[in-house]
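> Here's a structure for you.
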Amino acid sequence: MSPVTVDTNWTYNDIRTVVIENEKLRVVVMPDLGAKIWQITFKPRGKDFLWQHPRIKPRKVGLHTNYDDHFFGGWDELYPNDVAELINDELLPDHGEIWTLPWQYAIERADAEAVTLHMWVETPITASRLSKRITLRAGEAKLRFQHTITNLGRKPQPYLWKLHAAMAADEHSRIDLPASNMMVEGFGSPRTGRTSFTYEWPYAEDDKGEKHDMRKALSPESGVSEFQYATDMKAGWCAITHTREGIGFGLSYDNDVLPSCWMFASYGGWRELQTVVLEPCTGYPVGLQDGIERGTHQILEPGETVSCSIVASIYEGLSAVDNIDANGEVTGTAFVPGP
C-alpha cells in the first residue's frame, strides 16, 4: 500500500493550491479561492469527476463578484445565502460570502497512513467562522470531511449552507438520491417543458402527461437546463454514476443537518455548458428570506455551532446506486459491461 502524500508548493494563477494523493485518488484544493476542491482524479482509471468550465479558468475574485460569470467549476460551498439579497439590513453577496474568500490552512496530519488538511475562514459581513477538515487515508477512494460553522456575533444569523459540487456528466450518466418530493424552480428550459411545479421523484410529467425519468442525464444537444430541490430526503446521500464505465461519485452526510438536496443541471441549455451540480443543503428554496418565512431555512444563534461529517466516495462496479451509508460504502445494481 502506497503512502499518502501532500504537497503545498503549488500555485495556479497565483492561487495557493494543495495536492493530496494516495494510490487511488489525486485531490487538488484551492484554499485561496473559497477552499474550492478543483479536481478529484481516480488514478487507476485516469478519471476526473469534477466538471471544469471549458472557457474560463480559476482566478482570484472580489467579495461581491457575480457567481454565474465566474462559475469556474469544481466543488464550492455556499454560506449564508444563494441569491444576493438584503438580510438584517446587509446585502449578502451572490452565492454567499465564502466562495470568493481566501481561507487559512494548515496540514494537521501528514504520515504514511493519512493526511488531514484543515482550512478555516471568518466572514466579513455575517461574523461567522467556518472550518473544514479534509482527510485522505491510505488505500481508500474516499475523502472524509468534518465541517463546523459558528456564529461569532451577538445576533441570530439566518443562513443556508450547502455543498456545490459540479460534476462531469453526459447522456450515459445517472443521478440517484433517496428523494420523495421534488420542487422545480422557475428557471431554464426543463425537459418537461414547464417550470415552477412539484412531482414525486423520479418521474416528472410534461403538459401532455408523458413521464420523464429525471435520473437520466441528457446530451448537450438536448438544450435542457433544470434547477430543482428535493424537499424531503429519506436519507443523506446522493450519487452520479457513469453507466457505460460502471464508475461513479457519491456523497453521504448527516440528513438532519442537510435535509434537502438541490440539483442544477445544464445539458447544453445554459450557456452551452454540460454539468450536473449536486447540492446537499440545510434547507430550501433559493431565497434565504423566503425560506426563513416558510420555516425551511435555518437560524444560527449567537455562539452556536453546527457540525456535519461528509464522505465523498468513488465507487466501481455499479450502474445505479441504492444506498450510501455513513462510512461512504456504496451499494446498488451491479454493472454489466456492454458488447
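Within each chain, counting starts at residue 1; across the C-alpha cells, chains are named A, B, ... in the order shown, with ligands numbered 1 upward in that order.
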Can you tell me, as a PyMOL selection string, what residues are no more than 8 Å from stretch 107-112 of chain A when counting only C-alpha atoms, ignoring any on the same chain fewer than 2 positions away?

chain A and resi 2-6+105+114-118+138

> Which residues come within 8 Å of A:Ala217, counting only C-alpha atoms, excluding same-chain residues fewer than 3 positions away, as a list in words?

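With the cut-off at 8 Å, the set is Ala169, Asp170, Glu171, His172, Ser173, Arg174, Ile175, Met214 and Tyr267 of chain A.
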
> Smallest atom-to-atom distance to A:Leu25: which of A:Phe49, A:Trp103, A:Trp201, A:Tyr12, using only C-alpha atoms?

A:Phe49

> Can you list, as a PyMOL selection string, every protein, DNA or RNA residue that comes within 12 Å of A:Trp270 when you count only C-alpha atoms, leaving out same-chain residues fewer than 5 positions away?

chain A and resi 68-69+187-190+220-227+264-265+275-276

> Filtering to all heavy atoms, could you give me those residues as a compact mmCIF listing (two decimals), in the first residue's frame?


```
# COMPACT_ATOMS: atom_id res chain seq x y z
N ASP A 68 -22.31 33.47 -11.49
CA ASP A 68 -22.52 32.78 -12.77
C ASP A 68 -21.44 33.11 -13.79
O ASP A 68 -21.04 32.24 -14.58
CB ASP A 68 -23.89 33.13 -13.35
CG ASP A 68 -25.03 32.44 -12.62
OD1 ASP A 68 -24.75 31.62 -11.72
OD2 ASP A 68 -26.20 32.73 -12.94
N ASP A 69 -20.97 34.34 -13.78
CA ASP A 69 -19.93 34.74 -14.73
C ASP A 69 -18.55 34.24 -14.33
O ASP A 69 -17.59 34.37 -15.10
CB ASP A 69 -19.89 36.27 -14.87
CG ASP A 69 -21.15 36.82 -15.51
OD1 ASP A 69 -21.92 36.04 -16.10
OD2 ASP A 69 -21.39 38.04 -15.41
N PHE A 187 -36.98 28.32 -13.59
CA PHE A 187 -35.71 28.60 -14.26
C PHE A 187 -35.55 27.72 -15.47
O PHE A 187 -35.94 26.54 -15.47
CB PHE A 187 -34.53 28.33 -13.29
CG PHE A 187 -33.19 28.24 -13.97
CD1 PHE A 187 -32.45 29.38 -14.22
CD2 PHE A 187 -32.69 27.01 -14.38
CE1 PHE A 187 -31.22 29.30 -14.86
CE2 PHE A 187 -31.46 26.92 -15.02
CZ PHE A 187 -30.72 28.07 -15.25
N GLY A 188 -34.95 28.27 -16.50
CA GLY A 188 -34.41 27.48 -17.58
C GLY A 188 -35.43 26.84 -18.50
O GLY A 188 -36.56 27.29 -18.66
N SER A 189 -35.00 25.73 -19.11
CA SER A 189 -35.81 25.02 -20.10
C SER A 189 -35.80 23.53 -19.76
O SER A 189 -35.06 22.75 -20.37
CB SER A 189 -35.26 25.26 -21.51
OG SER A 189 -33.86 24.97 -21.56
N PRO A 190 -36.57 23.10 -18.75
CA PRO A 190 -36.58 21.69 -18.34
C PRO A 190 -37.08 20.77 -19.44
O PRO A 190 -37.79 21.19 -20.36
CB PRO A 190 -37.54 21.68 -17.14
CG PRO A 190 -37.62 23.10 -16.68
CD PRO A 190 -37.44 23.93 -17.91
N PRO A 220 -25.70 17.21 -24.48
CA PRO A 220 -25.69 18.66 -24.66
C PRO A 220 -26.57 19.12 -25.82
O PRO A 220 -27.01 20.27 -25.85
CB PRO A 220 -24.21 18.98 -24.91
CG PRO A 220 -23.59 17.69 -25.30
CD PRO A 220 -24.36 16.61 -24.62
N GLU A 221 -26.85 18.22 -26.76
CA GLU A 221 -27.71 18.58 -27.89
C GLU A 221 -29.17 18.77 -27.47
O GLU A 221 -29.96 19.36 -28.21
CB GLU A 221 -27.63 17.51 -28.98
CG GLU A 221 -26.31 17.49 -29.75
CD GLU A 221 -25.16 16.91 -28.95
OE1 GLU A 221 -25.43 16.09 -28.02
OE2 GLU A 221 -24.01 17.27 -29.22
N SER A 222 -29.54 18.30 -26.27
CA SER A 222 -30.92 18.43 -25.82
C SER A 222 -31.30 19.88 -25.52
O SER A 222 -32.47 20.25 -25.57
CB SER A 222 -31.15 17.57 -24.58
OG SER A 222 -30.44 18.10 -23.47
N GLY A 223 -30.31 20.71 -25.18
CA GLY A 223 -30.59 22.11 -24.88
C GLY A 223 -31.40 22.31 -23.61
O GLY A 223 -32.05 23.35 -23.44
N VAL A 224 -31.34 21.36 -22.68
CA VAL A 224 -32.13 21.42 -21.45
C VAL A 224 -31.33 22.06 -20.33
O VAL A 224 -30.11 21.88 -20.22
CB VAL A 224 -32.58 19.99 -21.05
CG1 VAL A 224 -33.02 19.92 -19.59
CG2 VAL A 224 -33.68 19.51 -21.97
N SER A 225 -32.02 22.83 -19.48
CA SER A 225 -31.44 23.30 -18.21
C SER A 225 -32.52 23.18 -17.15
O SER A 225 -33.68 23.54 -17.39
CB SER A 225 -30.92 24.73 -18.32
OG SER A 225 -31.93 25.62 -18.77
N GLU A 226 -32.14 22.68 -15.95
CA GLU A 226 -33.10 22.38 -14.89
C GLU A 226 -32.52 22.75 -13.53
O GLU A 226 -31.33 22.53 -13.27
CB GLU A 226 -33.45 20.88 -14.89
CG GLU A 226 -34.07 20.41 -16.18
CD GLU A 226 -34.18 18.89 -16.29
OE1 GLU A 226 -33.34 18.17 -15.70
OE2 GLU A 226 -35.12 18.43 -16.97
N PHE A 227 -33.40 23.26 -12.66
CA PHE A 227 -32.99 23.58 -11.29
C PHE A 227 -34.12 23.13 -10.37
O PHE A 227 -35.26 23.58 -10.52
CB PHE A 227 -32.74 25.09 -11.16
CG PHE A 227 -32.30 25.53 -9.80
CD1 PHE A 227 -31.54 24.71 -8.98
CD2 PHE A 227 -32.64 26.80 -9.34
CE1 PHE A 227 -31.13 25.14 -7.72
CE2 PHE A 227 -32.24 27.23 -8.08
CZ PHE A 227 -31.48 26.40 -7.28
N PHE A 264 -28.74 21.43 -9.83
CA PHE A 264 -28.73 22.27 -11.02
C PHE A 264 -28.11 21.44 -12.14
O PHE A 264 -27.07 20.82 -11.96
CB PHE A 264 -27.90 23.54 -10.80
CG PHE A 264 -27.68 24.33 -12.06
CD1 PHE A 264 -28.64 25.22 -12.50
CD2 PHE A 264 -26.53 24.16 -12.81
CE1 PHE A 264 -28.45 25.95 -13.68
CE2 PHE A 264 -26.32 24.87 -13.98
CZ PHE A 264 -27.29 25.78 -14.41
N ALA A 265 -28.76 21.41 -13.28
CA ALA A 265 -28.23 20.67 -14.42
C ALA A 265 -28.35 21.51 -15.68
O ALA A 265 -29.41 22.07 -15.96
CB ALA A 265 -28.98 19.35 -14.61
N THR A 275 -23.13 20.08 -17.29
CA THR A 275 -22.74 19.69 -15.93
C THR A 275 -23.98 19.40 -15.10
O THR A 275 -25.07 19.93 -15.38
CB THR A 275 -21.90 20.78 -15.26
OG1 THR A 275 -21.47 20.33 -13.96
CG2 THR A 275 -22.67 22.08 -15.07
N VAL A 276 -23.81 18.58 -14.08
CA VAL A 276 -24.81 18.36 -13.04
C VAL A 276 -24.17 18.78 -11.72
O VAL A 276 -23.09 18.29 -11.37
CB VAL A 276 -25.24 16.89 -12.97
CG1 VAL A 276 -26.13 16.64 -11.74
CG2 VAL A 276 -25.96 16.48 -14.23
```

> Between A:Thr150, A:Thr126, A:Thr241, A:Asn9, which has the minimum distance to A:Val28 (counting only C-alpha atoms)?

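Among the listed residues, A:Asn9 lies closest to A:Val28.
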
> Pick from A:Pro93, A:Pro58, A:Gly46, A:Gly246: nearest to A:Asp14, with only C-alpha atoms counted?

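The shortest atom-to-atom distance to A:Asp14 comes from A:Pro58.
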
> May I have the residues within 6 Å of stretch 70-74 of chain A as a PDB file with N, CA and C atoms, in the first residue's frame, using only C-alpha atoms and disregarding those fewer than 4 positions away in the same chain?


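Dumped to result-v1.pdb:
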```pdb
ATOM      1  N   ILE A  37     -12.473  22.647  -4.015  1.00  0.00           N
ATOM      2  CA  ILE A  37     -11.854  21.414  -4.481  1.00  0.00           C
ATOM      3  C   ILE A  37     -11.923  21.447  -6.006  1.00  0.00           C
ATOM      4  N   TRP A  38     -10.785  21.557  -6.627  1.00  0.00           N
ATOM      5  CA  TRP A  38     -10.720  21.796  -8.052  1.00  0.00           C
ATOM      6  C   TRP A  38     -10.719  20.494  -8.855  1.00  0.00           C
ATOM      7  N   LEU A  50     -14.899  15.912 -11.266  1.00  0.00           N
ATOM      8  CA  LEU A  50     -15.436  17.269 -11.175  1.00  0.00           C
ATOM      9  C   LEU A  50     -15.385  17.949 -12.537  1.00  0.00           C
ATOM     10  N   TRP A  51     -16.460  18.686 -12.823  1.00  0.00           N
ATOM     11  CA  TRP A  51     -16.544  19.443 -14.068  1.00  0.00           C
ATOM     12  C   TRP A  51     -15.742  20.738 -13.935  1.00  0.00           C
ATOM     13  N   GLN A  52     -15.111  21.132 -15.036  1.00  0.00           N
ATOM     14  CA  GLN A  52     -14.396  22.403 -15.103  1.00  0.00           C
ATOM     15  C   GLN A  52     -14.850  23.170 -16.332  1.00  0.00           C
ATOM     16  N   HIS A  53     -15.065  24.453 -16.150  1.00  0.00           N
ATOM     17  CA  HIS A  53     -15.574  25.282 -17.250  1.00  0.00           C
ATOM     18  C   HIS A  53     -14.585  25.261 -18.417  1.00  0.00           C
ATOM     19  N   LYS A  57     -10.907  30.006 -16.597  1.00  0.00           N
ATOM     20  CA  LYS A  57     -10.050  29.317 -15.644  1.00  0.00           C
ATOM     21  C   LYS A  57     -10.096  30.034 -14.285  1.00  0.00           C
ATOM     22  N   PRO A  58      -9.842  29.319 -13.197  1.00  0.00           N
ATOM     23  CA  PRO A  58      -9.892  29.939 -11.865  1.00  0.00           C
ATOM     24  C   PRO A  58      -8.927  31.109 -11.729  1.00  0.00           C
ATOM     25  N   ALA A 166     -19.846  20.526  -8.730  1.00  0.00           N
ATOM     26  CA  ALA A 166     -20.140  20.476 -10.167  1.00  0.00           C
ATOM     27  C   ALA A 166     -19.500  19.223 -10.750  1.00  0.00           C
TER      28      ALA A 166
END
```

> Based on DSSP run over this structure's backbone, return all residues of stretch 153-329 of chain A in strand (DSSP E), as a PyMOL selection string.

chain A and resi 157-159+162-167+173-176+181-184+197-200+203-205+211-213+224-230+237-242+247-253+260-267+274-281+298-300+305-316+318-324

> Keeping only C-alpha atoms, write the selected residues as a PDB file, in the first residue's frame.


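This is the output file selection-v4.pdb:
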```
ATOM      1  CA  GLN A 157     -27.857  34.660  11.904  1.00  0.00           C
ATOM      2  CA  PRO A 158     -30.274  33.372   9.236  1.00  0.00           C
ATOM      3  CA  TYR A 159     -28.417  31.040   6.912  1.00  0.00           C
ATOM      4  CA  LYS A 162     -24.731  23.868   1.030  1.00  0.00           C
ATOM      5  CA  LEU A 163     -22.229  21.967  -0.987  1.00  0.00           C
ATOM      6  CA  HIS A 164     -21.948  22.882  -4.650  1.00  0.00           C
ATOM      7  CA  ALA A 165     -20.154  20.005  -6.390  1.00  0.00           C
ATOM      8  CA  ALA A 166     -20.140  20.476 -10.167  1.00  0.00           C
ATOM      9  CA  MET A 167     -19.897  17.027 -11.738  1.00  0.00           C
ATOM     10  CA  SER A 173     -24.806   9.417 -16.576  1.00  0.00           C
ATOM     11  CA  ARG A 174     -27.418   8.602 -13.946  1.00  0.00           C
ATOM     12  CA  ILE A 175     -28.374  10.564 -10.812  1.00  0.00           C
ATOM     13  CA  ASP A 176     -29.605   8.711  -7.734  1.00  0.00           C
ATOM     14  CA  ASN A 181     -40.988  15.171  -3.489  1.00  0.00           C
ATOM     15  CA  MET A 182     -39.167  17.498  -5.848  1.00  0.00           C
ATOM     16  CA  MET A 183     -39.781  21.192  -6.444  1.00  0.00           C
ATOM     17  CA  VAL A 184     -38.801  22.547  -9.871  1.00  0.00           C
ATOM     18  CA  PHE A 197     -44.159  22.695 -10.224  1.00  0.00           C
ATOM     19  CA  THR A 198     -43.692  19.716  -7.901  1.00  0.00           C
ATOM     20  CA  TYR A 199     -43.525  15.996  -8.647  1.00  0.00           C
ATOM     21  CA  GLU A 200     -42.708  12.683  -7.000  1.00  0.00           C
ATOM     22  CA  TYR A 203     -40.763  10.723 -12.776  1.00  0.00           C
ATOM     23  CA  ALA A 204     -41.964  14.160 -13.827  1.00  0.00           C
ATOM     24  CA  GLU A 205     -44.836  14.666 -16.264  1.00  0.00           C
ATOM     25  CA  LYS A 211     -43.403  10.833 -17.917  1.00  0.00           C
ATOM     26  CA  HIS A 212     -39.720  11.756 -17.908  1.00  0.00           C
ATOM     27  CA  ASP A 213     -37.137   9.865 -15.832  1.00  0.00           C
ATOM     28  CA  VAL A 224     -32.135  21.419 -21.449  1.00  0.00           C
ATOM     29  CA  SER A 225     -31.444  23.295 -18.210  1.00  0.00           C
ATOM     30  CA  GLU A 226     -33.100  22.378 -14.887  1.00  0.00           C
ATOM     31  CA  PHE A 227     -32.995  23.582 -11.288  1.00  0.00           C
ATOM     32  CA  GLN A 228     -34.845  21.645  -8.601  1.00  0.00           C
ATOM     33  CA  TYR A 229     -34.860  20.723  -4.900  1.00  0.00           C
ATOM     34  CA  ALA A 230     -35.566  17.513  -3.048  1.00  0.00           C
ATOM     35  CA  TRP A 237     -26.784  10.721   0.251  1.00  0.00           C
ATOM     36  CA  CYS A 238     -26.671  11.441  -3.490  1.00  0.00           C
ATOM     37  CA  ALA A 239     -24.704   9.985  -6.386  1.00  0.00           C
ATOM     38  CA  ILE A 240     -23.893  10.259 -10.058  1.00  0.00           C
ATOM     39  CA  THR A 241     -22.914   7.103 -11.949  1.00  0.00           C
ATOM     40  CA  HIS A 242     -21.283   6.877 -15.355  1.00  0.00           C
ATOM     41  CA  ILE A 247     -17.939   4.040 -12.026  1.00  0.00           C
ATOM     42  CA  GLY A 248     -19.365   6.902 -10.008  1.00  0.00           C
ATOM     43  CA  PHE A 249     -19.138   9.560  -7.309  1.00  0.00           C
ATOM     44  CA  GLY A 250     -21.298   9.636  -4.195  1.00  0.00           C
ATOM     45  CA  LEU A 251     -21.781  11.858  -1.157  1.00  0.00           C
ATOM     46  CA  SER A 252     -23.040  10.663   2.220  1.00  0.00           C
ATOM     47  CA  TYR A 253     -23.814  13.054   5.063  1.00  0.00           C
ATOM     48  CA  SER A 260     -32.583  18.937   1.278  1.00  0.00           C
ATOM     49  CA  CYS A 261     -30.649  18.237  -1.904  1.00  0.00           C
ATOM     50  CA  TRP A 262     -30.634  20.780  -4.714  1.00  0.00           C
ATOM     51  CA  MET A 263     -29.696  19.903  -8.270  1.00  0.00           C
ATOM     52  CA  PHE A 264     -28.726  22.272 -11.020  1.00  0.00           C
ATOM     53  CA  ALA A 265     -28.232  20.670 -14.415  1.00  0.00           C
ATOM     54  CA  SER A 266     -27.264  22.194 -17.726  1.00  0.00           C
ATOM     55  CA  TYR A 267     -27.413  19.791 -20.623  1.00  0.00           C
ATOM     56  CA  GLN A 274     -22.751  20.442 -19.676  1.00  0.00           C
ATOM     57  CA  THR A 275     -22.741  19.687 -15.932  1.00  0.00           C
ATOM     58  CA  VAL A 276     -24.809  18.361 -13.036  1.00  0.00           C
ATOM     59  CA  VAL A 277     -24.297  20.128  -9.709  1.00  0.00           C
ATOM     60  CA  LEU A 278     -25.027  18.090  -6.571  1.00  0.00           C
ATOM     61  CA  GLU A 279     -26.030  20.441  -3.749  1.00  0.00           C
ATOM     62  CA  PRO A 280     -26.935  18.922  -0.348  1.00  0.00           C
ATOM     63  CA  CYS A 281     -28.304  21.836   1.672  1.00  0.00           C
ATOM     64  CA  GLN A 298     -32.110  27.819   9.500  1.00  0.00           C
ATOM     65  CA  ILE A 299     -31.040  30.387  12.096  1.00  0.00           C
ATOM     66  CA  LEU A 300     -27.708  30.123  13.933  1.00  0.00           C
ATOM     67  CA  THR A 305     -22.018  25.895  16.245  1.00  0.00           C
ATOM     68  CA  VAL A 306     -23.401  23.457  13.700  1.00  0.00           C
ATOM     69  CA  SER A 307     -21.262  20.495  12.601  1.00  0.00           C
ATOM     70  CA  CYS A 308     -21.514  17.979   9.770  1.00  0.00           C
ATOM     71  CA  SER A 309     -19.494  14.964   8.650  1.00  0.00           C
ATOM     72  CA  ILE A 310     -19.412  14.136   4.936  1.00  0.00           C
ATOM     73  CA  VAL A 311     -17.820  11.319   2.955  1.00  0.00           C
ATOM     74  CA  ALA A 312     -17.160  11.577  -0.782  1.00  0.00           C
ATOM     75  CA  SER A 313     -16.705   8.125  -2.326  1.00  0.00           C
ATOM     76  CA  ILE A 314     -15.539   6.905  -5.709  1.00  0.00           C
ATOM     77  CA  TYR A 315     -17.085   3.514  -6.472  1.00  0.00           C
ATOM     78  CA  GLU A 316     -16.737   0.910  -9.222  1.00  0.00           C
ATOM     79  CA  LEU A 318     -22.261  -0.364 -10.304  1.00  0.00           C
ATOM     80  CA  SER A 319     -24.712   1.029 -12.850  1.00  0.00           C
ATOM     81  CA  ALA A 320     -27.122   2.515 -10.266  1.00  0.00           C
ATOM     82  CA  VAL A 321     -26.990   3.315  -6.540  1.00  0.00           C
ATOM     83  CA  ASP A 322     -29.464   2.104  -3.914  1.00  0.00           C
ATOM     84  CA  ASN A 323     -27.734   3.379  -0.781  1.00  0.00           C
ATOM     85  CA  ILE A 324     -24.612   5.020   0.621  1.00  0.00           C
TER      86      ILE A 324
END
```

> Kindly indicate which residue among A:Pro80, A:Gly139, A:Gly295, A:Gly186 lies nearest to A:Trp161, using only C-alpha atoms for the distances.

A:Pro80

> In Å, with one decimal, what is the gap from atom CA of A:Arg26 to atom CA of A:Thr100?

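Atom CA of A:Thr100 lies at a distance of 23.6 Å from atom CA of A:Arg26.
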
> Please determine, counting only C-alpha atoms, which residue among A:Lys24, A:Thr331, A:Thr65, A:Leu101 has the shortest atom-to-atom distance to A:Lys36.

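Closest to A:Lys36 of all the choices is A:Leu101.
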
> List the neighbours of A:Leu152 out to 12 Å using only C-alpha atoms; skip same-chain residues closer than 4 positions along the sequence, and give me the result as a PyMOL selection string.

chain A and resi 121-130+156-157+300-305

> Those residues you just picked out, can you put them in a file as a PDB file, in the first residue's frame with N, CA and C atoms?


```pdb
ATOM      1  N   VAL A 121     -12.026  30.065   7.792  1.00  0.00           N
ATOM      2  CA  VAL A 121     -12.209  31.447   7.362  1.00  0.00           C
ATOM      3  C   VAL A 121     -13.228  32.117   8.278  1.00  0.00           C
ATOM      4  N   GLU A 122     -13.091  33.418   8.458  1.00  0.00           N
ATOM      5  CA  GLU A 122     -14.080  34.226   9.173  1.00  0.00           C
ATOM      6  C   GLU A 122     -14.677  35.224   8.197  1.00  0.00           C
ATOM      7  N   THR A 123     -16.003  35.314   8.197  1.00  0.00           N
ATOM      8  CA  THR A 123     -16.701  36.085   7.173  1.00  0.00           C
ATOM      9  C   THR A 123     -16.768  37.569   7.551  1.00  0.00           C
ATOM     10  N   PRO A 124     -16.641  38.468   6.583  1.00  0.00           N
ATOM     11  CA  PRO A 124     -16.611  39.909   6.884  1.00  0.00           C
ATOM     12  C   PRO A 124     -17.969  40.516   7.176  1.00  0.00           C
ATOM     13  N   ILE A 125     -19.059  39.920   6.683  1.00  0.00           N
ATOM     14  CA  ILE A 125     -20.384  40.528   6.836  1.00  0.00           C
ATOM     15  C   ILE A 125     -21.156  39.888   7.978  1.00  0.00           C
ATOM     16  N   THR A 126     -21.182  38.580   8.031  1.00  0.00           N
ATOM     17  CA  THR A 126     -22.069  37.883   8.971  1.00  0.00           C
ATOM     18  C   THR A 126     -21.399  37.446  10.266  1.00  0.00           C
ATOM     19  N   ALA A 127     -20.129  37.749  10.466  1.00  0.00           N
ATOM     20  CA  ALA A 127     -19.423  37.396  11.704  1.00  0.00           C
ATOM     21  C   ALA A 127     -19.568  35.908  12.021  1.00  0.00           C
ATOM     22  N   SER A 128     -19.219  35.089  11.030  1.00  0.00           N
ATOM     23  CA  SER A 128     -19.263  33.646  11.187  1.00  0.00           C
ATOM     24  C   SER A 128     -17.866  33.066  10.969  1.00  0.00           C
ATOM     25  N   ARG A 129     -17.640  31.909  11.564  1.00  0.00           N
ATOM     26  CA  ARG A 129     -16.384  31.188  11.347  1.00  0.00           C
ATOM     27  C   ARG A 129     -16.704  29.818  10.789  1.00  0.00           C
ATOM     28  N   LEU A 130     -16.098  29.488   9.643  1.00  0.00           N
ATOM     29  CA  LEU A 130     -16.281  28.184   9.026  1.00  0.00           C
ATOM     30  C   LEU A 130     -14.965  27.430   9.036  1.00  0.00           C
ATOM     31  N   PRO A 156     -28.838  36.595  16.167  1.00  0.00           N
ATOM     32  CA  PRO A 156     -29.150  35.379  15.411  1.00  0.00           C
ATOM     33  C   PRO A 156     -28.839  35.585  13.925  1.00  0.00           C
ATOM     34  N   GLN A 157     -28.259  34.560  13.304  1.00  0.00           N
ATOM     35  CA  GLN A 157     -27.857  34.660  11.904  1.00  0.00           C
ATOM     36  C   GLN A 157     -28.677  33.715  11.036  1.00  0.00           C
ATOM     37  N   LEU A 300     -28.794  30.466  13.028  1.00  0.00           N
ATOM     38  CA  LEU A 300     -27.708  30.123  13.933  1.00  0.00           C
ATOM     39  C   LEU A 300     -27.681  31.165  15.051  1.00  0.00           C
ATOM     40  N   GLU A 301     -27.913  30.721  16.278  1.00  0.00           N
ATOM     41  CA  GLU A 301     -27.971  31.627  17.404  1.00  0.00           C
ATOM     42  C   GLU A 301     -26.564  32.113  17.791  1.00  0.00           C
ATOM     43  N   PRO A 302     -26.443  33.237  18.496  1.00  0.00           N
ATOM     44  CA  PRO A 302     -25.122  33.732  18.911  1.00  0.00           C
ATOM     45  C   PRO A 302     -24.340  32.664  19.676  1.00  0.00           C
ATOM     46  N   GLY A 303     -23.109  32.435  19.244  1.00  0.00           N
ATOM     47  CA  GLY A 303     -22.259  31.451  19.888  1.00  0.00           C
ATOM     48  C   GLY A 303     -22.539  30.011  19.497  1.00  0.00           C
ATOM     49  N   GLU A 304     -23.599  29.769  18.729  1.00  0.00           N
ATOM     50  CA  GLU A 304     -23.966  28.400  18.368  1.00  0.00           C
ATOM     51  C   GLU A 304     -23.070  27.879  17.239  1.00  0.00           C
ATOM     52  N   THR A 305     -22.792  26.575  17.280  1.00  0.00           N
ATOM     53  CA  THR A 305     -22.018  25.895  16.245  1.00  0.00           C
ATOM     54  C   THR A 305     -22.826  24.750  15.671  1.00  0.00           C
TER      55      THR A 305
END
```

> Measure the distance from atom CA of A:Trp75 to atom CA of A:Arg294 in Å and round it to one decimal.

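Atom-to-atom, atom CA of A:Trp75 and atom CA of A:Arg294 are spaced 28.3 Å apart.
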